[in-house]
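**Student:** Can you keep this structure in mind? I'll have questions shortly.
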Amino acid sequence: MPLIEFSNKGLYCPQGNFYIDPWKPVDFAVISHGHSDHARWGSKKYLCHHDTKPILQLRLGENEYHSVGWNEPVFMNGVSISLFPAGHIIGSAQVRIEYKGEVWVFTGDYKTEDDGISTAYEPVKCNTFITESTFGLPIYKWKPQDEIFEEMKNWIYTNKSNGKSSIFIAYSLGKAQRILKPLAETGFPIYAHGAVYNMHTTLQSAGWALPDVKRITTETTKEELKECIVIAPSSAEGSPWMKRFSPYATGICSGWMQVRGNVRRKNADAGFALSDHCDWEGLLTAVKATGAEKVYATHGFQSTFSKYLNELGIEAGEVKTEYGNEEQSENENVNSEVVNSEL
Ligand SMILES: [Zn+2]
Ligand SMILES: [Zn+2]
């Protein structure tokens, strides 16, 4: 019996009788992080890191949550479950499962670059490694984040000199927090879309020291919004909500922006290839660091990535999951937000 089975509800540990990031309701769900494709409704009990708990409370409402710190094992029928930093977003964890000396690790989403907010990714030794492969193609090679932050700031100054506001399109959980510090360094006020603002205040009340952002209300005047900085989720793009910032330029913050055509396709003025996932090299480094004998690649370019690992002599297979719709899931949340906060 394998320690983890790939079931139609999600990753299942038969010995411990629990699921990891299930996409259907289950009795006991271990959650890697707060993105909506990994943390879903309807389960009876949830286990997550302390930093993920307030995010789940905001997104899933009140449930039975058990939270733990890093490397604090919980036992289920003799199986040890512990969480290790994944470096993806605040609270994001790799899930380590051990039974009778055999160790499996599921990464959830992760990145190897330390973003200074999410606890930095930590390699974990294991026998079997289940890794995401969102950007598992050799064309994905990220620039150091400081270089991208400089480009973002220069773009703001250019927009300002053209009398335009700068609208950054970023996930409300993860990317929005990550770009705040460099944006705040410009000294200009930062306005947030309701979805970004709600997450922001949740994290602030959980104790995260984030730069201040302003919420746009009915009282906010056109004059105040002149040449301002805005952080908004992707569904706000091209919506009537954006009109109040006119004239403006939009810049999308996403790993997908590494491919130039995507900037054009999205009708954006700029693309910043800032990602909260590993690039190709990051994935390879991570796989090697685990020393795993067997690797499973999930959501992303799992076929290309697992084939390449096999060529390297690392036994690898691909697994189909229902993860990888971060953006789509966020759009669903955000559409209701746009309706609710139509000002
Ligand atoms: Zn994620
Ligand atoms: Zn994912």
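Convention: chains lettered A, B, ... in structure tokens order; per-chain residue numbering from 1; ligands numbered from 1 as shown.
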Counting only C-alpha atoms and all ligand atoms, name the residues that have an atom within 8 Å of an atom of ligand 2; the answer should be given as a list in words.
**Tutor:**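 Answer in the requested format: His35, Asp37, His38, Gly108, Asp109, Glu132, Thr134, His299, Tyr323, Gly324, Asn325 and Glu326 of chain A.
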**Student:** Using C-alpha atoms, can you write the selected residues to a file as a PDB file, in the first residue's frame?
**Tutor:**
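Output saved as result10.pdb:
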```pdb
ATOM      1  CA  HIS A  35      -5.047  29.547  -2.512  1.00  0.00           C
ATOM      2  CA  ASP A  37      -7.505  25.564  -5.694  1.00  0.00           C
ATOM      3  CA  HIS A  38      -5.686  23.954  -2.743  1.00  0.00           C
ATOM      4  CA  GLY A 108       1.853  22.228  -2.626  1.00  0.00           C
ATOM      5  CA  ASP A 109       2.996  25.289  -4.573  1.00  0.00           C
ATOM      6  CA  GLU A 132       4.067  20.956  -8.611  1.00  0.00           C
ATOM      7  CA  THR A 134       3.488  25.013 -12.969  1.00  0.00           C
ATOM      8  CA  HIS A 299      -0.185  20.471 -12.017  1.00  0.00           C
ATOM      9  CA  TYR A 323      -4.919  22.132  -8.785  1.00  0.00           C
ATOM     10  CA  GLY A 324      -3.584  24.940 -10.883  1.00  0.00           C
ATOM     11  CA  ASN A 325      -6.553  27.240 -11.278  1.00  0.00           C
ATOM     12  CA  GLU A 326      -5.325  29.883  -8.883  1.00  0.00           C
TER      13      GLU A 326
END
```
**Student:** Pick out the residues sitting within 7 Å of stretch 72-81 of chain A, and hand them over as a PyMOL selection string; count only C-alpha atoms, and ignore anything fewer than 3 positions along from it in its own chain.
**Tutor:** chain A and resi 15-16+68-69+95-99
**Student:** Within 12 Å of A:Lys266, counting only C-alpha atoms, which residues qualify if same-chain residues fewer than 2 places away don't, as an MDAnalysis selection string?
**Tutor:** chainID A and resid 169 234:235 237:238 250:254 256:257 259:264 268:271
**Student:** Mind dumping the selected residues with C-alpha atoms as a compact mmCIF listing (two decimals), in the first residue's frame?
**Tutor:**
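File produced: part_3.txt:
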```txt
# COMPACT_ATOMS: atom_id res chain seq x y z
CA ILE A 169 -2.66 43.27 -11.66
CA SER A 234 -7.05 40.03 -12.69
CA SER A 235 -10.84 40.04 -12.91
CA GLU A 237 -8.98 44.20 -15.58
CA GLY A 238 -11.05 45.97 -18.19
CA THR A 250 -1.83 48.33 -16.52
CA GLY A 251 1.04 46.02 -15.60
CA ILE A 252 0.50 42.32 -14.95
CA CYS A 253 2.65 40.65 -12.28
CA SER A 254 2.84 36.97 -13.18
CA TRP A 256 3.32 33.92 -17.45
CA MET A 257 4.54 37.38 -18.48
CA VAL A 259 6.39 35.00 -22.62
CA ARG A 260 6.11 38.33 -24.37
CA GLY A 261 3.03 37.45 -26.41
CA ASN A 262 1.06 37.06 -23.19
CA VAL A 263 1.43 40.76 -22.38
CA ARG A 264 -0.12 41.62 -25.75
CA ALA A 268 -1.67 45.02 -20.83
CA ASP A 269 0.81 47.90 -21.09
CA ALA A 270 3.51 46.03 -19.21
CA GLY A 271 4.29 42.56 -17.90
```
**Student:** Write out as a list of chain:residue names which residues come within 9 Å of A:Trp155 when counting only C-alpha atoms, dropping same-chain ones fewer than 3 positions away.
**Tutor:** A:Glu150, A:Glu151, A:Met152, A:Thr158, A:Asn159, A:Lys160, A:Ser166, A:Gly251, A:Ala270
**Student:** Give the answer as one residue: which of A:Ser172, A:Ser82, A:Ser161, A:Asn63 has the shortest atom-to-atom distance to ligand 1, using only C-alpha atoms and all ligand atoms?
**Tutor:**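 Checking each of A:Ser172, A:Ser82, A:Ser161, A:Asn63 against ligand 1, counting only C-alpha atoms and all ligand atoms, the winner is A:Ser172.
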**Student:** Just the strand (DSSP E) stuff from stretch 90-323 of chain A, please, per backbone DSSP, written as a PDB file with C-alpha atoms, in the first residue's frame.
**Tutor:**
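The resulting file, out10.pdb, is shown below:
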```
ATOM      1  CA  ALA A  93       3.730  24.544   3.524  1.00  0.00           C
ATOM      2  CA  GLN A  94       5.159  21.349   2.120  1.00  0.00           C
ATOM      3  CA  VAL A  95       3.437  18.392   3.721  1.00  0.00           C
ATOM      4  CA  ARG A  96       5.768  15.673   5.025  1.00  0.00           C
ATOM      5  CA  ILE A  97       4.266  12.252   5.769  1.00  0.00           C
ATOM      6  CA  GLU A  98       6.201   9.534   7.551  1.00  0.00           C
ATOM      7  CA  TYR A  99       5.214   5.959   8.386  1.00  0.00           C
ATOM      8  CA  GLU A 102       9.192   5.859   4.819  1.00  0.00           C
ATOM      9  CA  VAL A 103       8.866   9.544   3.952  1.00  0.00           C
ATOM     10  CA  TRP A 104       6.751  11.276   1.297  1.00  0.00           C
ATOM     11  CA  VAL A 105       6.673  15.019   0.710  1.00  0.00           C
ATOM     12  CA  PHE A 106       4.011  16.976  -1.177  1.00  0.00           C
ATOM     13  CA  THR A 128       8.998  10.053  -2.683  1.00  0.00           C
ATOM     14  CA  PHE A 129       8.562  13.669  -3.717  1.00  0.00           C
ATOM     15  CA  ILE A 130       5.323  15.019  -5.193  1.00  0.00           C
ATOM     16  CA  THR A 131       6.123  18.341  -6.806  1.00  0.00           C
ATOM     17  CA  GLU A 132       4.067  20.956  -8.611  1.00  0.00           C
ATOM     18  CA  SER A 133       5.423  21.856 -12.060  1.00  0.00           C
ATOM     19  CA  SER A 165      -1.968  56.000 -12.753  1.00  0.00           C
ATOM     20  CA  SER A 166      -0.139  52.669 -12.471  1.00  0.00           C
ATOM     21  CA  ILE A 167      -2.395  49.652 -12.025  1.00  0.00           C
ATOM     22  CA  PHE A 168      -0.697  46.432 -11.009  1.00  0.00           C
ATOM     23  CA  ILE A 169      -2.664  43.266 -11.657  1.00  0.00           C
ATOM     24  CA  ILE A 190      -1.210  52.815  -2.834  1.00  0.00           C
ATOM     25  CA  TYR A 191      -4.878  52.005  -3.405  1.00  0.00           C
ATOM     26  CA  ALA A 192      -6.268  48.492  -3.239  1.00  0.00           C
ATOM     27  CA  LYS A 214      -5.985  52.719   1.040  1.00  0.00           C
ATOM     28  CA  ARG A 215      -9.366  51.320   0.239  1.00  0.00           C
ATOM     29  CA  ILE A 229      -0.660  53.268  -7.610  1.00  0.00           C
ATOM     30  CA  VAL A 230      -3.335  50.570  -7.583  1.00  0.00           C
ATOM     31  CA  ILE A 231      -3.215  46.859  -6.834  1.00  0.00           C
ATOM     32  CA  ALA A 232      -6.107  44.900  -8.317  1.00  0.00           C
ATOM     33  CA  TYR A 248      -3.914  54.704 -16.492  1.00  0.00           C
ATOM     34  CA  ALA A 249      -1.502  51.981 -17.555  1.00  0.00           C
ATOM     35  CA  THR A 250      -1.828  48.329 -16.515  1.00  0.00           C
ATOM     36  CA  GLY A 251       1.037  46.018 -15.604  1.00  0.00           C
ATOM     37  CA  ILE A 252       0.500  42.324 -14.945  1.00  0.00           C
ATOM     38  CA  CYS A 253       2.649  40.649 -12.280  1.00  0.00           C
ATOM     39  CA  ALA A 270       3.507  46.032 -19.207  1.00  0.00           C
ATOM     40  CA  GLY A 271       4.291  42.558 -17.904  1.00  0.00           C
ATOM     41  CA  PHE A 272       6.444  41.794 -14.887  1.00  0.00           C
ATOM     42  CA  LYS A 294      10.708   8.536  -6.940  1.00  0.00           C
ATOM     43  CA  VAL A 295       9.177  11.824  -8.083  1.00  0.00           C
ATOM     44  CA  TYR A 296       5.630  12.624  -9.130  1.00  0.00           C
ATOM     45  CA  ALA A 297       4.990  15.869 -11.009  1.00  0.00           C
ATOM     46  CA  THR A 298       1.535  17.397 -10.598  1.00  0.00           C
ATOM     47  CA  HIS A 299      -0.185  20.471 -12.017  1.00  0.00           C
ATOM     48  CA  GLY A 300       1.643  22.378 -14.719  1.00  0.00           C
ATOM     49  CA  GLU A 315      12.371   7.881 -11.736  1.00  0.00           C
ATOM     50  CA  ALA A 316       9.414  10.172 -12.310  1.00  0.00           C
ATOM     51  CA  GLY A 317       5.765   9.995 -13.248  1.00  0.00           C
ATOM     52  CA  GLU A 318       3.000  12.500 -13.796  1.00  0.00           C
TER      53      GLU A 318
END
```
**Student:** As a list in words, please: the residues near A:Thr52 (cut-off 7 Å, only C-alpha atoms, same-chain neighbours under 2 positions excluded).
**Tutor:**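 Within the cut-off, the hits are His33, Gly34, Cys48, His49, His50, Pro54, Ile55, Leu56 and Gly91 of chain A.
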**Student:** Compare A:Cys126, A:Leu137, A:Ala86, A:Ala292 by their minimum atom-to-atom distance to ligand 1, counting only C-alpha atoms and all ligand atoms, and give me the closest one.
**Tutor:**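 Smallest distance to ligand 1 is found for A:Ala86.
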**Student:** Enumerate the residues of stretch 55-291 of chain A with a DSSP assignment of helix (DSSP H, G or I), computed from the backbone, and present them as number ranges by chain.
**Tutor:** A: 55-60, 145-161, 175-184, 194-205, 234-236, 240-245, 255-258, 260-265, 280-290
**Student:** For C-alpha atoms, I'd like the residues from the last selection saved as a PDB file, in the first residue's frame.
**Tutor:**
```pdb
ATOM      1  CA  ILE A  55      -6.578  33.020   5.534  1.00  0.00           C
ATOM      2  CA  LEU A  56      -8.804  29.922   5.632  1.00  0.00           C
ATOM      3  CA  GLN A  57     -11.129  31.633   8.100  1.00  0.00           C
ATOM      4  CA  LEU A  58     -11.487  34.551   5.692  1.00  0.00           C
ATOM      5  CA  ARG A  59     -11.995  32.365   2.617  1.00  0.00           C
ATOM      6  CA  LEU A  60     -13.854  29.326   3.980  1.00  0.00           C
ATOM      7  CA  GLN A 145      13.194  39.835  -7.775  1.00  0.00           C
ATOM      8  CA  ASP A 146      15.098  43.066  -6.990  1.00  0.00           C
ATOM      9  CA  GLU A 147      15.651  43.599 -10.706  1.00  0.00           C
ATOM     10  CA  ILE A 148      11.919  43.199 -11.371  1.00  0.00           C
ATOM     11  CA  PHE A 149      11.067  45.553  -8.491  1.00  0.00           C
ATOM     12  CA  GLU A 150      13.353  48.209 -10.037  1.00  0.00           C
ATOM     13  CA  GLU A 151      11.543  47.801 -13.365  1.00  0.00           C
ATOM     14  CA  MET A 152       8.212  48.192 -11.598  1.00  0.00           C
ATOM     15  CA  LYS A 153       9.311  51.387  -9.868  1.00  0.00           C
ATOM     16  CA  ASN A 154      10.699  52.852 -13.091  1.00  0.00           C
ATOM     17  CA  TRP A 155       7.416  52.048 -14.801  1.00  0.00           C
ATOM     18  CA  ILE A 156       5.547  53.992 -12.075  1.00  0.00           C
ATOM     19  CA  TYR A 157       7.810  57.038 -12.624  1.00  0.00           C
ATOM     20  CA  THR A 158       7.306  56.868 -16.394  1.00  0.00           C
ATOM     21  CA  ASN A 159       3.536  56.627 -15.989  1.00  0.00           C
ATOM     22  CA  LYS A 160       3.582  59.546 -13.575  1.00  0.00           C
ATOM     23  CA  SER A 161       5.500  61.713 -16.020  1.00  0.00           C
ATOM     24  CA  LYS A 175       1.634  38.614  -5.140  1.00  0.00           C
ATOM     25  CA  ALA A 176      -0.186  41.634  -3.690  1.00  0.00           C
ATOM     26  CA  GLN A 177       1.737  41.396  -0.408  1.00  0.00           C
ATOM     27  CA  ARG A 178       5.017  40.698  -2.147  1.00  0.00           C
ATOM     28  CA  ILE A 179       4.959  43.820  -4.336  1.00  0.00           C
ATOM     29  CA  LEU A 180       3.798  46.157  -1.555  1.00  0.00           C
ATOM     30  CA  LYS A 181       7.197  46.903  -0.057  1.00  0.00           C
ATOM     31  CA  PRO A 182       8.888  47.951  -3.324  1.00  0.00           C
ATOM     32  CA  LEU A 183       5.812  49.960  -4.349  1.00  0.00           C
ATOM     33  CA  ALA A 184       5.710  51.689  -0.951  1.00  0.00           C
ATOM     34  CA  GLY A 194     -11.653  45.353  -2.291  1.00  0.00           C
ATOM     35  CA  ALA A 195     -10.397  41.767  -2.707  1.00  0.00           C
ATOM     36  CA  VAL A 196      -6.812  42.876  -2.118  1.00  0.00           C
ATOM     37  CA  TYR A 197      -7.874  45.125   0.744  1.00  0.00           C
ATOM     38  CA  ASN A 198      -9.795  42.381   2.609  1.00  0.00           C
ATOM     39  CA  MET A 199      -6.833  40.014   2.452  1.00  0.00           C
ATOM     40  CA  HIS A 200      -4.521  42.839   3.480  1.00  0.00           C
ATOM     41  CA  THR A 201      -6.461  43.721   6.627  1.00  0.00           C
ATOM     42  CA  THR A 202      -6.832  40.021   7.529  1.00  0.00           C
ATOM     43  CA  LEU A 203      -3.065  39.599   7.376  1.00  0.00           C
ATOM     44  CA  GLN A 204      -2.445  42.848   9.247  1.00  0.00           C
ATOM     45  CA  SER A 205      -4.738  41.777  12.075  1.00  0.00           C
ATOM     46  CA  SER A 234      -7.048  40.027 -12.691  1.00  0.00           C
ATOM     47  CA  SER A 235     -10.839  40.040 -12.906  1.00  0.00           C
ATOM     48  CA  ALA A 236     -10.867  43.799 -12.313  1.00  0.00           C
ATOM     49  CA  PRO A 240     -15.985  49.377 -15.153  1.00  0.00           C
ATOM     50  CA  TRP A 241     -14.265  49.497 -11.749  1.00  0.00           C
ATOM     51  CA  MET A 242     -11.044  50.558 -13.524  1.00  0.00           C
ATOM     52  CA  LYS A 243     -12.535  53.619 -15.222  1.00  0.00           C
ATOM     53  CA  ARG A 244     -12.134  55.832 -12.147  1.00  0.00           C
ATOM     54  CA  PHE A 245      -8.320  55.701 -12.554  1.00  0.00           C
ATOM     55  CA  GLY A 255       5.331  34.328 -14.229  1.00  0.00           C
ATOM     56  CA  TRP A 256       3.322  33.921 -17.447  1.00  0.00           C
ATOM     57  CA  MET A 257       4.544  37.376 -18.480  1.00  0.00           C
ATOM     58  CA  GLN A 258       7.944  35.840 -19.237  1.00  0.00           C
ATOM     59  CA  ARG A 260       6.110  38.325 -24.366  1.00  0.00           C
ATOM     60  CA  GLY A 261       3.029  37.448 -26.408  1.00  0.00           C
ATOM     61  CA  ASN A 262       1.059  37.062 -23.193  1.00  0.00           C
ATOM     62  CA  VAL A 263       1.432  40.762 -22.380  1.00  0.00           C
ATOM     63  CA  ARG A 264      -0.125  41.621 -25.752  1.00  0.00           C
ATOM     64  CA  ARG A 265      -2.803  38.952 -25.507  1.00  0.00           C
ATOM     65  CA  TRP A 280      12.736  25.341 -14.332  1.00  0.00           C
ATOM     66  CA  GLU A 281      16.077  25.518 -12.505  1.00  0.00           C
ATOM     67  CA  GLY A 282      14.320  25.955  -9.170  1.00  0.00           C
ATOM     68  CA  LEU A 283      12.298  22.773  -9.739  1.00  0.00           C
ATOM     69  CA  LEU A 284      15.390  20.786 -10.697  1.00  0.00           C
ATOM     70  CA  THR A 285      17.387  22.051  -7.711  1.00  0.00           C
ATOM     71  CA  ALA A 286      14.509  21.216  -5.395  1.00  0.00           C
ATOM     72  CA  VAL A 287      14.057  17.692  -6.755  1.00  0.00           C
ATOM     73  CA  LYS A 288      17.769  16.935  -6.407  1.00  0.00           C
ATOM     74  CA  ALA A 289      17.916  18.367  -2.862  1.00  0.00           C
ATOM     75  CA  THR A 290      15.262  15.919  -1.634  1.00  0.00           C
TER      76      THR A 290
END
```
**Student:** What does the structure give for the distance between atom CA of A:Ile314 and atom CA of A:Gly136, in Å to one decimal?
**Tutor:**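 Straight-line distance from atom CA of A:Ile314 to atom CA of A:Gly136 works out to 15.4 Å.
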**Student:** So which residues touch stretch 25-32 of chain A within 6 Å, counting only C-alpha atoms, skipping near sequence neighbours fewer than 6 positions away, as a ChimeraX atom specification?
**Tutor:** /A:18-19,42-48,92-93,108
**Student:** Atom CA of A:Gly116 and atom CA of A:Gln302 are how many Å apart?
**Tutor:**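 Result for atom CA of A:Gly116 versus atom CA of A:Gln302: 28.1 Å, one decimal.
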**Student:** Let me make sure I understand: among A:Glu5, A:Glu122, A:Asp276, A:Glu311, which one has the smallest atom-to-atom distance to ligand 1 if we use only C-alpha atoms and all ligand atoms?
**Tutor:**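 With only C-alpha atoms and all ligand atoms as the atom set, the closest residue is A:Asp276.
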**Student:** Of the candidates A:Ala209, A:Gly61, A:Lys143, A:Glu293, which one gets nearest to A:Gly313 if we count only C-alpha atoms?
**Tutor:**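 The answer is A:Glu293, which sits nearest to A:Gly313.
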**Student:** What's the separation between atom CA of A:Ser303 and atom CA of A:Tyr12, in Å to one decimal place?
**Tutor:** 21.8 Å
**Student:** Which of these residues is nearest to ligand 1, using only C-alpha atoms and all ligand atoms: A:Ser36, A:Asn71, A:Asn310, A:Asn162?
**Tutor:** A:Ser36
**Student:** Between A:Pro14, A:His277, A:Thr217, A:Gly101, single out the one closest to ligand 1, counting only C-alpha atoms and all ligand atoms.
**Tutor:**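 Distance minimum relative to ligand 1 lands on A:His277.
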